[in-house]
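> Below is a structure I'd like to ask you about.
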Amino acid sequence: MNYIKHQTNVFALMDQISSFKPYHISLYLVLFRMWNTNRFENPISISRTETMKLAKIGSSGTYLKALKELHAHGFIRYDPSFDPTKGSLIHLFTFDTATCSLPVSKMTPSINNTNSKQTNTLYTEENFSKSNIKKELNMKKNQTTIGCRAESRHEGVIPPLQHIKIYFHEKGHPESEAQRFFNYYESNGWLIGGKTPMKDWKAAARNWMLNIKKFEKKGLDAERSRSTHNTRKKQFQKSVIERSRDTKSENPPSVLRPTSPQPSSSNYNEPL
């Protein structure tokens with residue numbers, strides 16, 4: 001791994017997030033050191049006490065907030081452990097292959113060096129107006145941000161399955177429902193309605209939970225309908241059989257009776 005390029009790209013991405021504080025950077029650098037010690041193999045197991053001490057963070061609330069926000073912005077993947085005997089797991093992503101460094105605006109020469117030919121050469125604007133330069137820098141910044149986030153998989157939008165299971169468990173739903181939610185959106189590229197990219201997976205999960213009751217009601221109605229249909233069918237078949245039996249009992253089969261022999265010519269003259 002190229003350390004310098006990796007850290008340059010990480011800091012360039014962090015510069016774009018106005019909500020980031022110094023403790024975000026210090027915590028990430030501590031996690032990077034641990035990752036380095038582990039020969040850049042994922043995941044690494046961390047202890048809250050040790051990590052807070054190394055990152056110079058005194059509040060556990062600040063520590064958890066920093067972890068979750070680093071996860072949400074795609075710098076790490078945080079798999080919390082709810083077992084006190086086991087540490088939480090951290091997956092770190094590599095940024096040394098992406099070109100994430102932001103274009104740095106050129107510095108304005110000082111008044112004292114206005115007459116310096118070297119300064120004038122370094123800070124020549126190449127015949128661009130200030131408005132055109134600003135537009136060009138903004139375009140490069142947007143393109144860089146999109147490219148970096150595409151390569152590092154934005155975890156704030158596409159969460160790991162474990163986080164979805166935890167969220168569904170908190171809302172009182174089984175893990176199987178969380179698995180269905182994950183499989184459905186993983187198969188369609190995390191698109192809402194098959195067209196719009198998902199922006200908030202928790203909001204989509206809440207809508208999914210609301211629809212669970214509707215689906216269960218439809219299933220119960222369908223089951224009741226099938227049961228009613230089967231009952232009516234059995235009743236109809238039973239009535240048909242009973243009618244057939246009644247018909248047979250009302251019209252018994254005719255009994256053949258013996259008949260007298262037909263008269264012949266030999267007995268015409270016999271006395272009656």
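For the structure tokens, the naming scheme is as follows: chains receive sequential letters (A, B, ...) according to their order of presentation, residues are indexed from 1 within each chain, and ligands are indexed from 1 in presentation order.
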What residues in region 57-96 of chain A get the DSSP label helix (DSSP H, G or I)? Please answer as a list in words.
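Put together, the selection reads Ser60, Gly61, Thr62, Tyr63, Leu64, Lys65, Ala66, Leu67, Lys68, Glu69, Leu70, His71 and Ala72 of chain A.
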> For Met1 (chain A), find every residue with an atom within 9 Å (counting only C-alpha atoms), except residues of its own chain fewer than 5 positions away, and show them as a ChimeraX atom specification.
/A:6,40,94,96-97
> Take the selection from the previous step and output its residues with N, CA and C atoms, as a short mmCIF file (atom, residue, chain, number, x, y, z; two decimals), in the first residue's frame.

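Below is the file selection-v1.cif, written as the result:
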```cif
data_model
loop_
_atom_site.label_atom_id
_atom_site.label_comp_id
_atom_site.auth_asym_id
_atom_site.auth_seq_id
_atom_site.Cartn_x
_atom_site.Cartn_y
_atom_site.Cartn_z
N HIS A 6 -2.60 7.04 0.07
CA HIS A 6 -3.80 6.65 0.81
C HIS A 6 -4.23 7.77 1.76
N PHE A 40 -2.51 -4.93 7.34
CA PHE A 40 -3.59 -4.50 6.44
C PHE A 40 -4.56 -5.63 6.12
N THR A 94 -9.14 0.71 1.30
CA THR A 94 -7.95 1.32 0.72
C THR A 94 -8.35 2.45 -0.22
N ASP A 96 -5.61 4.22 -1.81
CA ASP A 96 -4.38 4.61 -2.50
C ASP A 96 -4.49 4.44 -4.01
N THR A 97 -5.53 3.72 -4.50
CA THR A 97 -5.66 3.53 -5.94
C THR A 97 -6.57 4.56 -6.58
#
```
> Hey, which of A:His91, A:Tyr23, A:Lys5, A:Lys199 ends up closest to Ser59 (chain A)? Count only C-alpha atoms.
A:Tyr23
> Have a look at A:Pro80, A:Phe93, A:Ala178, A:His73 and name the one nearest to Phe32 (chain A); count only C-alpha atoms.
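Of A:Pro80, A:Phe93, A:Ala178, A:His73, the one nearest Phe32 (chain A), counting only C-alpha atoms, is A:Phe93.
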> Could you name the residues that touch Leu89 (chain A) at 10 Å or less, counting only C-alpha atoms, but leaving out those on the same chain fewer than 6 positions away, as a ChimeraX atom specification?
/A:42-47,77-81
> Considering only C-alpha atoms, state which residue in the set A:Ile25, A:Asp83, A:Ser239, A:Asn207 is at the smallest distance from Ala12 (chain A).
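The closest residue to Ala12 (chain A) is A:Ile25.
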> How many Å separate CA of Trp201 (chain A) from CA of Pro159 (chain A)?
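Answer for the CA of Trp201 (chain A) to CA of Pro159 (chain A) separation: 7.6 Å.
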> Grab the CA of Gln179 (chain A) to CA of Asp200 (chain A) distance for me, in Å with one decimal place.
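Distance reported for this atom pair: 17.6 Å.
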> At what distance in Å, to one decimal, does CA of Asn2 (chain A) lie from CA of Leu64 (chain A)?
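For CA of Leu64 (chain A) relative to CA of Asn2 (chain A), the distance reads 28.8 Å.
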> Applying 12 Å and only C-alpha atoms, which residues near Glu50 (chain A) remain after dropping the ones on its own chain fewer than 3 positions away? List them as a PDB file with N, CA, C and O atoms, in the first residue's frame.

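Below is the file out_13.pdb, written as the result:
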```pdb
ATOM      1  N   LEU A  27      -9.218   9.520  15.543  1.00  0.00           N
ATOM      2  CA  LEU A  27      -9.712   8.152  15.657  1.00  0.00           C
ATOM      3  C   LEU A  27      -9.372   7.344  14.401  1.00  0.00           C
ATOM      4  O   LEU A  27      -8.956   6.183  14.489  1.00  0.00           O
ATOM      5  N   VAL A  30      -5.710   6.325  14.459  1.00  0.00           N
ATOM      6  CA  VAL A  30      -5.469   5.216  15.390  1.00  0.00           C
ATOM      7  C   VAL A  30      -5.895   3.892  14.765  1.00  0.00           C
ATOM      8  O   VAL A  30      -5.188   2.879  14.849  1.00  0.00           O
ATOM      9  N   LEU A  31      -7.062   3.888  14.118  1.00  0.00           N
ATOM     10  CA  LEU A  31      -7.525   2.668  13.456  1.00  0.00           C
ATOM     11  C   LEU A  31      -6.582   2.275  12.324  1.00  0.00           C
ATOM     12  O   LEU A  31      -6.316   1.084  12.102  1.00  0.00           O
ATOM     13  N   MET A  34      -3.577   0.549  13.816  1.00  0.00           N
ATOM     14  CA  MET A  34      -3.906  -0.838  14.177  1.00  0.00           C
ATOM     15  C   MET A  34      -3.980  -1.720  12.942  1.00  0.00           C
ATOM     16  O   MET A  34      -3.560  -2.879  12.951  1.00  0.00           O
ATOM     17  N   SER A  45      -9.894  -6.203  15.443  1.00  0.00           N
ATOM     18  CA  SER A  45     -10.718  -6.164  16.654  1.00  0.00           C
ATOM     19  C   SER A  45     -10.200  -5.057  17.557  1.00  0.00           C
ATOM     20  O   SER A  45      -8.996  -4.946  17.789  1.00  0.00           O
ATOM     21  N   ILE A  46     -11.118  -4.217  18.063  1.00  0.00           N
ATOM     22  CA  ILE A  46     -10.699  -3.071  18.863  1.00  0.00           C
ATOM     23  C   ILE A  46     -11.353  -3.122  20.237  1.00  0.00           C
ATOM     24  O   ILE A  46     -12.419  -3.717  20.420  1.00  0.00           O
ATOM     25  N   SER A  47     -10.692  -2.484  21.175  1.00  0.00           N
ATOM     26  CA  SER A  47     -11.214  -2.316  22.530  1.00  0.00           C
ATOM     27  C   SER A  47     -11.517  -0.842  22.740  1.00  0.00           C
ATOM     28  O   SER A  47     -10.703   0.024  22.395  1.00  0.00           O
ATOM     29  N   LYS A  53      -8.076   5.835  24.451  1.00  0.00           N
ATOM     30  CA  LYS A  53      -6.828   6.346  25.033  1.00  0.00           C
ATOM     31  C   LYS A  53      -5.852   6.777  23.938  1.00  0.00           C
ATOM     32  O   LYS A  53      -5.236   7.845  24.022  1.00  0.00           O
ATOM     33  N   LEU A  54      -5.710   5.954  22.903  1.00  0.00           N
ATOM     34  CA  LEU A  54      -4.781   6.280  21.818  1.00  0.00           C
ATOM     35  C   LEU A  54      -5.259   7.473  20.991  1.00  0.00           C
ATOM     36  O   LEU A  54      -4.449   8.268  20.503  1.00  0.00           O
ATOM     37  N   ALA A  55      -6.592   7.590  20.814  1.00  0.00           N
ATOM     38  CA  ALA A  55      -7.136   8.690  20.016  1.00  0.00           C
ATOM     39  C   ALA A  55      -7.308   9.973  20.816  1.00  0.00           C
ATOM     40  O   ALA A  55      -7.752  10.987  20.260  1.00  0.00           O
ATOM     41  N   LYS A  56      -6.984   9.944  22.117  1.00  0.00           N
ATOM     42  CA  LYS A  56      -7.109  11.117  22.997  1.00  0.00           C
ATOM     43  C   LYS A  56      -8.560  11.596  23.067  1.00  0.00           C
ATOM     44  O   LYS A  56      -8.852  12.794  23.027  1.00  0.00           O
ATOM     45  N   ILE A  57      -9.499  10.647  23.122  1.00  0.00           N
ATOM     46  CA  ILE A  57     -10.920  10.958  23.240  1.00  0.00           C
ATOM     47  C   ILE A  57     -11.373  10.583  24.645  1.00  0.00           C
ATOM     48  O   ILE A  57     -11.203   9.437  25.069  1.00  0.00           O
ATOM     49  N   GLY A  58     -11.952  11.536  25.376  1.00  0.00           N
ATOM     50  CA  GLY A  58     -12.309  11.296  26.759  1.00  0.00           C
ATOM     51  C   GLY A  58     -13.740  10.874  26.994  1.00  0.00           C
ATOM     52  O   GLY A  58     -14.070  10.364  28.056  1.00  0.00           O
ATOM     53  N   SER A  60     -17.077   8.574  25.956  1.00  0.00           N
ATOM     54  CA  SER A  60     -17.507   7.402  25.202  1.00  0.00           C
ATOM     55  C   SER A  60     -18.563   7.766  24.169  1.00  0.00           C
ATOM     56  O   SER A  60     -18.640   7.152  23.102  1.00  0.00           O
ATOM     57  N   TYR A  63     -16.752   9.092  21.229  1.00  0.00           N
ATOM     58  CA  TYR A  63     -16.081   7.976  20.569  1.00  0.00           C
ATOM     59  C   TYR A  63     -17.055   7.201  19.673  1.00  0.00           C
ATOM     60  O   TYR A  63     -16.758   6.930  18.499  1.00  0.00           O
ATOM     61  N   GLY A  87     -14.338  -7.914  21.267  1.00  0.00           N
ATOM     62  CA  GLY A  87     -14.207  -6.556  20.771  1.00  0.00           C
ATOM     63  C   GLY A  87     -15.003  -6.346  19.491  1.00  0.00           C
ATOM     64  O   GLY A  87     -15.352  -7.300  18.789  1.00  0.00           O
TER      65      GLY A  87
END
```
